[in-house]
file final.txt (compact mmCIF, C-alpha atoms)
# COMPACT_ATOMS: atom_id res chain seq x y z
CA MET A 1 25.65 -11.15 -13.21
CA THR A 2 23.54 -8.11 -14.03
CA PRO A 3 20.40 -7.41 -11.96
CA LEU A 4 18.10 -8.37 -14.84
CA ALA A 5 19.94 -11.63 -15.56
CA ALA A 6 19.69 -12.44 -11.84
CA ILE A 7 15.89 -11.93 -11.94
CA LEU A 8 15.53 -14.06 -15.09
CA VAL A 9 17.55 -16.97 -13.68
CA ARG A 10 15.78 -16.84 -10.31
CA ASP A 11 12.23 -16.70 -11.71
CA MET A 12 12.86 -19.55 -14.15
CA ARG A 13 14.41 -21.66 -11.38
CA ILE A 14 11.42 -21.07 -9.09
CA ALA A 15 8.99 -21.88 -11.92
CA ILE A 16 10.52 -25.26 -12.72
CA ARG A 17 10.97 -26.35 -9.08
CA VAL A 18 8.31 -28.04 -6.98
CA GLY A 19 5.32 -25.74 -6.52
CA GLY A 20 6.30 -23.57 -9.48
CA GLY A 21 3.78 -22.74 -12.19
CA ALA A 22 5.58 -24.04 -15.28
CA LEU A 23 4.16 -27.58 -15.45
CA MET A 24 0.69 -26.56 -14.23
CA GLY A 25 0.04 -24.38 -17.27
CA VAL A 26 0.94 -26.96 -19.86
CA LEU A 27 -0.92 -29.76 -18.02
CA PHE A 28 -4.04 -27.59 -17.80
CA PHE A 29 -3.72 -26.89 -21.54
CA LEU A 30 -3.42 -30.59 -22.36
CA VAL A 31 -6.38 -31.57 -20.16
CA VAL A 32 -8.72 -28.87 -21.51
CA VAL A 33 -7.95 -29.61 -25.15
CA THR A 34 -8.22 -33.37 -24.60
CA LEU A 35 -11.71 -32.96 -23.12
CA ILE A 36 -13.08 -31.11 -26.16
CA PRO A 37 -13.35 -34.13 -28.54
CA PHE A 38 -15.19 -36.04 -25.82
CA ALA A 39 -17.70 -33.21 -25.47
CA VAL A 40 -18.13 -32.45 -29.18
CA GLY A 41 -18.18 -36.05 -30.37
CA PRO A 42 -16.41 -37.72 -33.31
CA ASN A 43 -17.44 -35.10 -35.87
CA LEU A 44 -14.13 -34.68 -37.71
CA PRO A 45 -15.00 -31.74 -40.01
CA LEU A 46 -16.47 -29.81 -37.04
CA LEU A 47 -13.38 -30.49 -34.87
CA LYS A 48 -11.14 -29.33 -37.70
CA GLN A 49 -13.19 -26.14 -38.01
CA ILE A 50 -13.21 -25.20 -34.31
CA GLY A 51 -9.75 -26.66 -33.53
CA PRO A 52 -7.69 -23.43 -33.78
CA ALA A 53 -10.22 -21.52 -31.67
CA ILE A 54 -10.19 -24.22 -28.97
CA LEU A 55 -6.40 -24.31 -28.86
CA TRP A 56 -6.18 -20.52 -28.66
CA LEU A 57 -8.77 -20.33 -25.86
CA ALA A 58 -6.99 -23.06 -23.90
CA ALA A 59 -3.64 -21.31 -24.39
CA LEU A 60 -5.17 -18.02 -23.19
CA LEU A 61 -6.53 -19.57 -19.98
CA ALA A 62 -3.39 -21.61 -19.36
CA SER A 63 -1.08 -18.62 -19.70
CA LEU A 64 -3.12 -16.68 -17.11
CA LEU A 65 -3.14 -19.61 -14.68
CA ALA A 66 0.01 -18.90 -12.70
CA LEU A 67 0.20 -15.20 -13.50
CA ASP A 68 -1.52 -13.95 -10.32
CA ARG A 69 1.44 -15.17 -8.23
CA LEU A 70 4.00 -13.32 -10.38
CA PHE A 71 4.19 -10.20 -8.19
CA ALA A 72 2.05 -11.34 -5.24
CA ALA A 73 4.64 -13.94 -4.16
CA ASP A 74 7.38 -11.30 -4.22
CA HIS A 75 5.13 -8.90 -2.31
CA GLU A 76 4.33 -11.39 0.45
CA ASP A 77 7.92 -12.37 1.22
CA GLY A 78 9.30 -8.83 1.07
CA SER A 79 11.29 -9.31 -2.16
CA LEU A 80 9.26 -6.62 -3.92
CA ASP A 81 10.40 -3.97 -1.39
CA LEU A 82 14.01 -4.70 -2.26
CA ILE A 83 13.28 -4.86 -5.99
CA LEU A 84 11.56 -1.45 -5.85
CA THR A 85 14.58 0.09 -4.14
CA GLY A 86 17.08 -1.55 -6.49
CA ARG A 87 19.19 0.11 -9.15
CA ALA A 88 17.51 -1.65 -12.07
CA PRO A 89 14.56 0.32 -13.58
CA LEU A 90 11.28 -1.24 -12.42
CA GLU A 91 9.89 -1.31 -15.98
CA LEU A 92 12.80 -3.51 -17.10
CA VAL A 93 12.48 -5.75 -14.04
CA VAL A 94 8.77 -6.20 -14.79
CA ALA A 95 9.53 -6.98 -18.46
CA THR A 96 12.18 -9.50 -17.38
CA LYS A 97 9.73 -11.21 -15.04
CA GLY A 98 7.26 -11.34 -17.95
CA LEU A 99 9.91 -12.90 -20.18
CA ALA A 100 10.73 -15.53 -17.53
CA HIS A 101 7.02 -16.30 -17.17
CA TRP A 102 6.56 -16.67 -20.94
CA LEU A 103 9.64 -18.89 -21.27
CA THR A 104 8.37 -21.24 -18.55
CA THR A 105 4.61 -21.28 -19.31
CA GLY A 106 4.08 -19.89 -22.84
CA LEU A 107 6.82 -21.77 -24.63
CA PRO A 108 5.80 -25.25 -23.32
CA LEU A 109 2.26 -24.59 -24.61
CA ILE A 110 3.62 -23.92 -28.09
CA VAL A 111 5.64 -27.14 -27.97
CA ALA A 112 2.61 -29.13 -26.79
CA ALA A 113 0.15 -27.57 -29.28
CA PRO A 114 0.99 -29.79 -32.33
CA LEU A 115 0.57 -32.88 -30.16
CA VAL A 116 -2.96 -32.03 -29.02
CA GLY A 117 -3.74 -30.59 -32.45
CA LEU A 118 -3.88 -34.20 -33.64
CA LEU A 119 -6.87 -34.79 -31.33
CA LEU A 120 -8.69 -31.96 -33.10
CA ASN A 121 -8.07 -33.38 -36.59
CA LEU A 122 -5.66 -30.62 -37.63
CA ASP A 123 -3.42 -31.46 -40.62
CA ALA A 124 0.26 -30.54 -40.91
CA PRO A 125 -0.13 -27.10 -42.61
CA ALA A 126 -2.84 -26.09 -40.13
CA GLU A 127 -0.62 -27.12 -37.22
CA MET A 128 2.32 -25.14 -38.61
CA THR A 129 0.13 -22.04 -38.90
CA LEU A 130 -1.25 -22.57 -35.40
CA VAL A 131 2.23 -22.92 -33.85
CA LEU A 132 3.36 -19.76 -35.62
CA THR A 133 0.36 -17.71 -34.42
CA LEU A 134 0.77 -19.02 -30.85
CA PHE A 135 4.48 -18.18 -30.93
CA VAL A 136 3.72 -14.62 -31.98
CA GLY A 137 0.55 -14.17 -29.89
CA THR A 138 1.26 -15.72 -26.47
CA PRO A 139 3.83 -13.04 -25.47
CA ALA A 140 1.01 -10.51 -25.87
CA LEU A 141 -1.17 -12.55 -23.48
CA THR A 142 1.61 -12.65 -20.86
CA PHE A 143 2.50 -8.97 -21.14
CA ILE A 144 -1.14 -7.82 -20.99
CA GLY A 145 -1.51 -10.16 -18.02
CA LEU A 146 1.37 -8.36 -16.26
CA ILE A 147 -0.91 -5.34 -15.82
CA GLY A 148 -3.57 -7.40 -14.06
CA ALA A 149 -0.95 -9.20 -11.96
CA ALA A 150 0.43 -5.84 -10.80
CA ILE A 151 -3.02 -4.44 -9.97
CA ALA A 152 -3.95 -7.53 -7.96
CA VAL A 153 -0.61 -7.68 -6.12
CA THR A 154 -1.84 -6.80 -2.63
CA LEU A 155 -4.99 -8.93 -2.80
CA ARG A 156 -5.08 -12.35 -1.14
CA ARG A 157 -7.20 -13.95 -3.85
CA GLY A 158 -6.13 -11.92 -6.83
CA GLY A 159 -6.58 -14.73 -9.35
CA LEU A 160 -10.23 -14.04 -10.05
CA LEU A 161 -9.78 -10.26 -10.26
CA LEU A 162 -6.86 -10.86 -12.60
CA ALA A 163 -9.07 -12.88 -14.95
CA VAL A 164 -11.83 -10.23 -14.85
CA ILE A 165 -9.37 -7.42 -15.64
CA VAL A 166 -7.21 -9.19 -18.17
CA LEU A 167 -9.59 -11.36 -20.23
CA PRO A 168 -11.47 -8.41 -21.86
CA LEU A 169 -8.13 -6.84 -22.80
CA THR A 170 -7.06 -10.02 -24.58
CA VAL A 171 -10.08 -10.04 -26.93
CA PRO A 172 -8.22 -8.38 -29.87
CA VAL A 173 -5.33 -10.84 -29.55
CA LEU A 174 -7.80 -13.73 -29.51
CA ILE A 175 -9.73 -12.44 -32.57
CA PHE A 176 -6.68 -11.92 -34.76
CA GLY A 177 -4.83 -14.96 -33.44
CA VAL A 178 -7.71 -17.30 -34.28
CA ALA A 179 -8.34 -15.52 -37.61
CA ALA A 180 -4.72 -16.07 -38.64
CA ALA A 181 -4.66 -19.65 -37.37
CA ASN A 182 -7.90 -20.61 -39.15
CA THR A 183 -6.56 -21.55 -42.56
CA ALA A 184 -9.99 -22.79 -43.66
CA GLY A 185 -11.61 -19.46 -42.79
CA PRO A 186 -12.62 -16.66 -45.17
CA MET A 187 -9.69 -14.39 -44.30
CA PRO A 188 -6.21 -14.64 -45.84
CA PHE A 189 -3.33 -15.41 -43.47
CA GLY A 190 -1.31 -12.23 -43.93
CA THR A 191 -3.69 -9.53 -42.72
CA PRO A 192 -4.70 -10.89 -39.29
CA PHE A 193 -1.16 -12.19 -38.70
CA THR A 194 0.32 -8.73 -39.27
CA ILE A 195 -2.18 -7.18 -36.87
CA LEU A 196 -1.36 -9.93 -34.33
CA CYS A 197 2.33 -9.00 -34.61
CA ALA A 198 1.44 -5.34 -34.04
CA LEU A 199 -0.67 -6.18 -30.98
CA THR A 200 2.22 -8.17 -29.49
CA LEU A 201 4.73 -5.39 -30.11
CA ALA A 202 2.38 -2.83 -28.56
CA SER A 203 1.78 -4.99 -25.48
CA LEU A 204 5.53 -5.57 -25.04
CA VAL A 205 5.90 -1.80 -24.65
CA VAL A 206 2.70 -0.84 -22.82
CA GLY A 207 2.53 -3.84 -20.44
CA PRO A 208 5.75 -3.25 -18.47
CA PHE A 209 5.14 0.50 -18.11
CA ALA A 210 1.53 0.07 -16.97
CA ALA A 211 2.45 -2.76 -14.60
CA ALA A 212 5.37 -0.80 -13.09
CA ALA A 213 3.12 2.24 -12.56
CA ALA A 214 0.51 0.04 -10.86
CA LEU A 215 3.16 -1.54 -8.61
CA ARG A 216 4.54 1.84 -7.52
CA GLN A 217 1.01 3.01 -6.72
CA GLU A 218 0.13 -0.12 -4.74
CA MET A 219 3.26 -0.11 -2.62
CA GLU A 220 2.57 3.36 -1.18
CA MET B 1 29.10 10.70 4.53
CA ARG B 2 26.23 12.18 6.46
CA LEU B 3 22.53 11.29 6.28
CA SER B 4 20.18 13.87 7.73
CA ALA B 5 16.49 14.71 7.82
CA VAL B 6 14.96 18.14 8.23
CA ASP B 7 11.39 18.56 9.49
CA LEU B 8 10.41 15.17 8.07
CA ALA B 9 6.75 14.12 8.12
CA CYS B 10 5.00 10.92 7.13
CA HIS B 11 1.33 10.28 6.44
CA ARG B 12 -0.04 6.78 6.00
CA GLY B 13 -3.64 5.80 5.52
CA GLY B 14 -4.87 9.35 6.22
CA ARG B 15 -3.08 9.49 9.58
CA ASP B 16 0.00 11.47 10.63
CA VAL B 17 2.54 8.87 11.69
CA PHE B 18 5.20 11.42 12.66
CA ALA B 19 5.93 15.06 11.84
CA GLY B 20 8.66 17.62 12.40
CA LEU B 21 11.34 14.95 12.73
CA SER B 22 14.99 16.03 12.37
CA PHE B 23 18.11 13.92 12.86
CA ALA B 24 21.57 13.37 11.45
CA VAL B 25 23.85 10.31 11.26
CA ALA B 26 27.44 10.48 10.01
CA SER B 27 29.92 7.80 8.93
CA GLY B 28 30.88 5.54 11.80
CA GLU B 29 27.77 6.40 13.81
CA VAL B 30 24.78 4.35 14.93
CA LEU B 31 21.34 5.80 15.49
CA THR B 32 18.77 3.55 17.14
CA VAL B 33 15.14 4.45 16.52
CA THR B 34 12.95 3.64 19.50
CA GLY B 35 9.35 4.24 20.49
CA ARG B 36 6.12 2.43 21.30
CA ASN B 37 4.36 0.18 18.78
CA GLY B 38 2.96 2.24 15.94
CA ALA B 39 5.21 5.23 16.65
CA GLY B 40 6.51 5.05 13.08
CA LYS B 41 9.88 3.32 13.44
CA SER B 42 9.35 1.09 10.40
CA SER B 43 7.66 3.93 8.50
CA LEU B 44 10.73 6.11 9.06
CA LEU B 45 13.07 3.47 7.63
CA ARG B 46 10.70 2.84 4.71
CA THR B 47 10.55 6.59 4.05
CA ILE B 48 14.35 6.83 3.89
CA VAL B 49 14.50 3.96 1.42
CA GLY B 50 11.75 5.50 -0.73
CA LEU B 51 8.98 2.96 -0.16
CA VAL B 52 6.83 5.58 1.57
CA ARG B 53 6.49 9.03 0.07
CA VAL B 54 7.98 11.98 1.99
CA ALA B 55 4.92 14.04 2.97
CA GLN B 56 6.88 17.06 4.17
CA GLY B 57 10.49 18.08 4.84
CA LYS B 58 13.45 16.46 3.17
CA LEU B 59 16.15 13.83 3.39
CA ILE B 60 19.71 14.87 2.61
CA LEU B 61 22.72 12.67 1.92
CA GLU B 62 26.07 14.46 1.87
CA GLY B 63 29.23 12.75 0.67
CA GLY B 64 27.49 9.93 -1.15
CA ASP B 65 27.56 9.07 -4.83
CA PRO B 66 25.61 11.90 -6.53
CA GLU B 67 24.59 9.57 -9.36
CA LEU B 68 22.64 7.30 -7.01
CA THR B 69 19.59 7.80 -4.79
CA ILE B 70 19.74 7.20 -1.04
CA ALA B 71 17.94 3.88 -1.50
CA GLU B 72 20.51 2.72 -4.04
CA GLN B 73 23.30 3.26 -1.51
CA ALA B 74 21.41 1.66 1.36
CA HIS B 75 20.64 -1.83 2.56
CA TYR B 76 17.12 -2.21 3.91
CA LEU B 77 16.59 -5.16 6.26
CA GLY B 78 12.84 -5.29 6.83
CA HIS B 79 10.56 -7.55 8.86
CA LEU B 80 10.28 -9.94 5.94
CA ASP B 81 13.29 -11.96 4.91
CA ALA B 82 12.80 -11.83 1.11
CA LEU B 83 13.74 -15.49 0.65
CA LYS B 84 12.30 -18.04 -1.76
CA PRO B 85 11.61 -21.40 -0.04
CA SER B 86 12.25 -23.48 -3.19
CA LEU B 87 15.74 -22.04 -3.76
CA THR B 88 18.75 -23.14 -1.74
CA VAL B 89 20.53 -20.91 0.76
CA ALA B 90 23.33 -20.22 -1.73
CA GLU B 91 20.92 -19.55 -4.62
CA ASN B 92 18.92 -17.07 -2.54
CA LEU B 93 22.03 -15.16 -1.53
CA ARG B 94 23.56 -15.31 -5.01
CA PHE B 95 20.36 -13.82 -6.46
CA TRP B 96 20.34 -10.85 -4.08
CA ALA B 97 24.07 -10.33 -4.50
CA GLY B 98 23.58 -10.29 -8.29
CA PHE B 99 20.52 -8.06 -8.14
CA LEU B 100 21.88 -5.53 -5.64
CA GLY B 101 25.55 -5.48 -6.66
CA SER B 102 26.92 -4.65 -10.05
CA ARG B 103 29.24 -7.63 -10.36
CA ALA B 104 29.13 -11.26 -9.19
CA PRO B 105 30.98 -11.47 -5.88
CA ASP B 106 31.94 -14.64 -4.08
CA ILE B 107 29.12 -15.33 -1.65
CA HIS B 108 30.92 -17.83 0.57
CA PRO B 109 32.64 -15.31 2.85
CA ALA B 110 29.23 -13.74 3.48
CA LEU B 111 27.68 -17.13 4.29
CA ALA B 112 30.59 -17.88 6.63
CA ALA B 113 30.10 -14.50 8.33
CA VAL B 114 26.61 -15.54 9.42
CA ASP B 115 27.63 -19.17 10.08
CA LEU B 116 25.47 -20.67 7.32
CA ASP B 117 28.19 -22.02 5.02
CA GLU B 118 27.45 -25.62 5.98
CA LEU B 119 23.79 -25.22 4.94
CA ALA B 120 24.58 -23.62 1.55
CA ASP B 121 22.85 -26.36 -0.46
CA LEU B 122 19.77 -26.68 1.75
CA PRO B 123 16.48 -25.29 0.38
CA ALA B 124 15.49 -22.17 2.34
CA ALA B 125 12.15 -23.81 3.20
CA TYR B 126 13.94 -25.91 5.84
CA LEU B 127 15.55 -22.97 7.66
CA SER B 128 14.42 -21.84 11.11
CA ALA B 129 13.30 -18.24 11.70
CA GLY B 130 16.71 -17.30 13.10
CA GLN B 131 18.56 -18.94 10.22
CA ARG B 132 16.34 -17.10 7.72
CA ARG B 133 17.19 -13.83 9.44
CA ARG B 134 20.91 -14.66 9.31
CA LEU B 135 20.63 -15.42 5.60
CA SER B 136 19.09 -12.00 4.94
CA ILE B 137 21.85 -10.39 7.03
CA ALA B 138 24.37 -12.15 4.78
CA ARG B 139 23.04 -9.95 1.96
CA LEU B 140 24.46 -6.88 3.76
CA VAL B 141 27.88 -8.52 3.90
CA ALA B 142 27.88 -9.83 0.33
CA VAL B 143 27.17 -6.44 -1.26
CA LYS B 144 28.96 -3.37 0.09
CA ARG B 145 26.66 -0.40 0.67
CA PRO B 146 27.46 2.42 3.11
CA ILE B 147 24.02 2.89 4.73
CA TRP B 148 22.39 0.09 6.73
CA LEU B 149 18.73 0.52 7.65
CA LEU B 150 17.79 -2.30 9.99
CA ASP B 151 14.26 -2.99 11.24
CA GLU B 152 14.39 -5.07 14.45
CA PRO B 153 17.57 -6.83 13.30
CA THR B 154 18.00 -8.88 16.48
CA SER B 155 14.47 -10.33 16.65
CA THR B 156 14.57 -14.16 16.31
CA LEU B 157 18.39 -14.20 16.68
CA ASP B 158 19.95 -16.27 19.47
CA ALA B 159 22.70 -14.89 21.74
CA SER B 160 25.65 -16.04 19.62
CA ALA B 161 24.04 -14.80 16.39
CA GLN B 162 23.40 -11.43 18.06
CA GLU B 163 27.09 -11.25 18.97
CA ARG B 164 28.02 -12.03 15.37
CA LEU B 165 25.70 -9.27 14.16
CA VAL B 166 27.30 -6.80 16.59
CA GLY B 167 30.69 -7.82 15.17
CA LEU B 168 29.47 -7.25 11.60
CA MET B 169 28.04 -3.85 12.54
CA ARG B 170 31.32 -2.82 14.21
CA ALA B 171 33.25 -3.83 11.08
CA HIS B 172 30.80 -1.88 8.93
CA LEU B 173 31.22 1.24 11.09
CA THR B 174 35.02 1.10 11.02
CA THR B 175 34.95 1.02 7.20
CA GLY B 176 32.99 4.28 7.10
CA GLY B 177 29.45 2.94 7.12
CA LEU B 178 26.50 4.31 9.05
CA ILE B 179 23.63 2.42 10.67
CA MET B 180 20.06 3.27 11.61
CA ALA B 181 18.25 0.53 13.48
CA ALA B 182 14.67 0.39 14.74
CA THR B 183 14.70 -1.57 17.97
CA HIS B 184 12.95 -2.23 21.27
CA GLY B 185 15.70 -3.98 23.19
CA GLY B 186 18.85 -2.22 21.99
CA ILE B 187 21.32 -3.62 19.47
CA GLY B 188 24.38 -4.08 21.70
CA LEU B 189 26.54 -1.17 20.56
CA GLU B 190 27.62 1.26 23.31
CA THR B 191 28.23 4.13 20.90
CA ALA B 192 24.62 4.13 19.71
CA ARG B 193 22.67 7.36 19.96
CA GLU B 194 18.92 7.18 20.37
CA LEU B 195 16.10 8.80 18.39
CA ARG B 196 12.83 8.56 20.28
CA LEU B 197 9.65 8.65 18.21
CA GLY B 198 6.21 9.52 19.54
CA GLU B 199 7.39 11.52 22.57
CA VAL B 200 5.44 14.63 21.63
CA LYS B 201 1.84 13.88 20.82
CA PRO B 202 0.28 16.41 18.43
call {"tool": "encode", "arguments": {"input": "final.txt", "output": "structure tokens"}}
result
Amino acid sequence: MTPLAAILVRDMRIAIRVGGGALMGVLFFLVVVTLIPFAVGPNLPLLKQIGPAILWLAALLASLLALDRLFAADHEDGSLDLILTGRAPLELVVATKGLAHWLTTGLPLIVAAPLVGLLLNLDAPAEMTLVLTLFVGTPALTFIGLIGAAIAVTLRRGGLLLAVIVLPLTVPVLIFGVAAANTAGPMPFGTPFTILCALTLASLVVGPFAAAAALRQEME
Amino acid sequence: MRLSAVDLACHRGGRDVFAGLSFAVASGEVLTVTGRNGAGKSSLLRTIVGLVRVAQGKLILEGGDPELTIAEQAHYLGHLDALKPSLTVAENLRFWAGFLGSRAPDIHPALAAVDLDELADLPAAYLSAGQRRRLSIARLVAVKRPIWLLDEPTSTLDASAQERLVGLMRAHLTTGGLIMAATHGGIGLETARELRLGEVKP
């Protein structure tokens, strides 16, 4: 097994075991979205209009939920020391950990989204568009979040700092994600969706490098 | 193979931990690093493995693989055991063997070497402190690396586990390995030379 495959298998195993973050994210997502119709009331056109925005916001918060433990847990038990001295480049290790996190928290959200979309009066084409934008956009949320997770690694209660650092950075992803998902909106689908793809590709490159640099700095 | 340091210095948190340190360890040799608390024993091992920046002087490895750094040819056994409580004993060891080694070796001889083979399927959360330490020592057996940097390796180990560790260290030395160990109470090898830190106060 290569070092990166070992990291991927281990992180996914930990996430799906007891105390892992995989189920928490998707449950949080389901609870938040389910509460919205109770708060807004049975106004079907309004729910349909704000539905994509609600789902995107819930997905954003849910994908940040377990992220603060991504490097902090490895730091506290000494694993990070060994990872830093390993033969695998730290940038690739960080990217692999991001991939494992997305597979265990991002992907379940995308699977659950059509189900809760029904509560927000979304029809089939709107749900298809929403699933597509979430599939393209949630990796960007995870990989931007890696930077915050790396900066907060030595802090006991890094979760709050992580949210403060990461949420402003996710604003472009949120804007173009919701714009592409909102089929009833004034914008055509293609333009915001293309920009969303570009944002994701950029974050896949920048995130691991920035997070690895932050980790090296913190471990001094 | 010969690991040496020339005029090595280490600063941490704006404080000189040690300075002007020189030593050499060759294949088949053991160097124990001793000194009072805070003398820089752990900092020295962390400097060698690259976790703390070298402030001054240099570290030289002769006879190693020129493609790899010192850290990549060394095992670092720190205070922390680097184990995940939700994974089993075998899964923990298999992960580190896969991450540190280039291929997938059989981990059962390594588990047997630290007398944990009967607990292979137990989650690491249920291990005692000594068993956790033995599991991290198994990492050194599972993946062959010539340099062992051990930080208080015998703490939490009982008498029979300490004897096993001495046996493992002897075997490592006879196959051309070298060992540096930070310790207070000695590690049970007669051939060990001693490097005292903090003797000369600046």
call {"tool": "residues_around", "arguments": {"input": "final.txt", "residues": "Arg139 in chain B", "least_positions_apart": "2", "cutoff": "8 Å", "atoms": "only C-alpha atoms", "output": "VMD selection string"}}
result
chain B and resid 93 96 to 97 110 135 to 137 141 to 143
call {"tool": "write_last_selection", "arguments": {"input": "final.txt", "atoms": "C-alpha atoms", "output": "compact mmCIF listing (two decimals), in the coordinates of the input"}}
result
# COMPACT_ATOMS: atom_id res chain seq x y z
CA LEU B 93 22.03 -15.16 -1.53
CA TRP B 96 20.34 -10.85 -4.08
CA ALA B 97 24.07 -10.33 -4.50
CA ALA B 110 29.23 -13.74 3.48
CA LEU B 135 20.63 -15.42 5.60
CA SER B 136 19.09 -12.00 4.94
CA ILE B 137 21.85 -10.39 7.03
CA VAL B 141 27.88 -8.52 3.90
CA ALA B 142 27.88 -9.83 0.33
CA VAL B 143 27.17 -6.44 -1.26
call {"tool": "closest_residue", "arguments": {"input": "final.txt", "among": "B:Ser27, B:Ser42, B:Ser4, B:Thr69", "to": "chain A", "atoms": "all atoms listed in the file"}}
result
B:Thr69
call {"tool": "interface_residues", "arguments": {"input": "final.txt", "of": "chain B", "to": "chain A", "cutoff": "9 Å", "atoms": "all atoms listed in the file", "output": "ChimeraX atom specification"}}
result
/B:12,49-53,68-69,71-72,74-84,86-87,91-92,94-104
call {"tool": "residues_around", "arguments": {"input": "final.txt", "residues": "Gly63 in chain B", "least_positions_apart": "6", "cutoff": "9 Å", "atoms": "only C-alpha atoms", "output": "count of residues only"}}
result
3
call {"tool": "residues_around", "arguments": {"input": "final.txt", "residues": "Phe135 in chain A", "least_positions_apart": "4", "cutoff": "8 Å", "atoms": "all atoms listed in the file", "output": "PDB file with C-alpha atoms, keeping the file's coordinate frame"}}
result
ATOM      1  CA  LEU A 107       6.820 -21.770 -24.630  1.00  0.00           C
ATOM      2  CA  ILE A 110       3.620 -23.920 -28.090  1.00  0.00           C
ATOM      3  CA  VAL A 131       2.230 -22.920 -33.850  1.00  0.00           C
ATOM      4  CA  PRO A 139       3.830 -13.040 -25.470  1.00  0.00           C
TER       5      PRO A 139
END
call {"tool": "atom_distance", "arguments": {"input": "final.txt", "atom1": "CA of Leu157 in chain B", "atom2": "CA of Ala24 in chain B"}}
result
28.2 Å
call {"tool": "atom_distance", "arguments": {"input": "final.txt", "atom1": "CA of Phe176 in chain A", "atom2": "CA of Leu196 in chain A"}}
result
5.7 Å
call {"tool": "closest_residue", "arguments": {"input": "final.txt", "among": "B:Leu149, B:Leu195, B:Gly40, B:Ile70", "to": "Ser22 in chain B", "atoms": "only C-alpha atoms"}}
result
B:Leu195
call {"tool": "atom_distance", "arguments": {"input": "final.txt", "atom1": "CA of Asp16 in chain B", "atom2": "CA of Ala39 in chain B"}}
result
10.1 Å
call {"tool": "residues_around", "arguments": {"input": "final.txt", "residues": "range 181-184 of chain B", "least_positions_apart": "2", "cutoff": "7 Å", "atoms": "all atoms listed in the file", "output": "ChimeraX atom specification"}}
result
/B:31-34,41-42,149-152,179,186
call {"tool": "closest_residue", "arguments": {"input": "final.txt", "among": "A:Phe71, A:Phe29, A:Phe189, A:Phe38", "to": "Leu57 in chain A", "atoms": "only C-alpha atoms"}}
result
A:Phe29
call {"tool": "residues_around", "arguments": {"input": "final.txt", "residues": "Leu46 in chain A", "least_positions_apart": "4", "cutoff": "12 Å", "atoms": "only C-alpha atoms", "output": "PyMOL selection string"}}
result
chain A and resi 36-37+40-42+50-54+120-122+184
call {"tool": "residues_near_point", "arguments": {"input": "final.txt", "point": "(0.9, -9.1, -11.0)", "cutoff": "7 Å", "atoms": "only C-alpha atoms", "output": "PyMOL selection string"}}
result
chain A and resi 67-72+146-153
call {"tool": "closest_residue", "arguments": {"input": "final.txt", "among": "B:Gly185, B:Pro123, B:Gly13, B:Gly64", "to": "Ile147 in chain B", "atoms": "only C-alpha atoms"}}
result
B:Gly64
call {"tool": "closest_residue", "arguments": {"input": "final.txt", "among": "A:Leu161, A:Ala95, A:Ala179, A:Val173", "to": "Leu130 in chain A", "atoms": "all atoms listed in the file"}}
result
A:Ala179
call {"tool": "closest_residue", "arguments": {"input": "final.txt", "among": "B:Leu61, B:Ala113, B:Val17, B:Ala55", "to": "Gly38 in chain B", "atoms": "all atoms listed in the file"}}
result
B:Val17
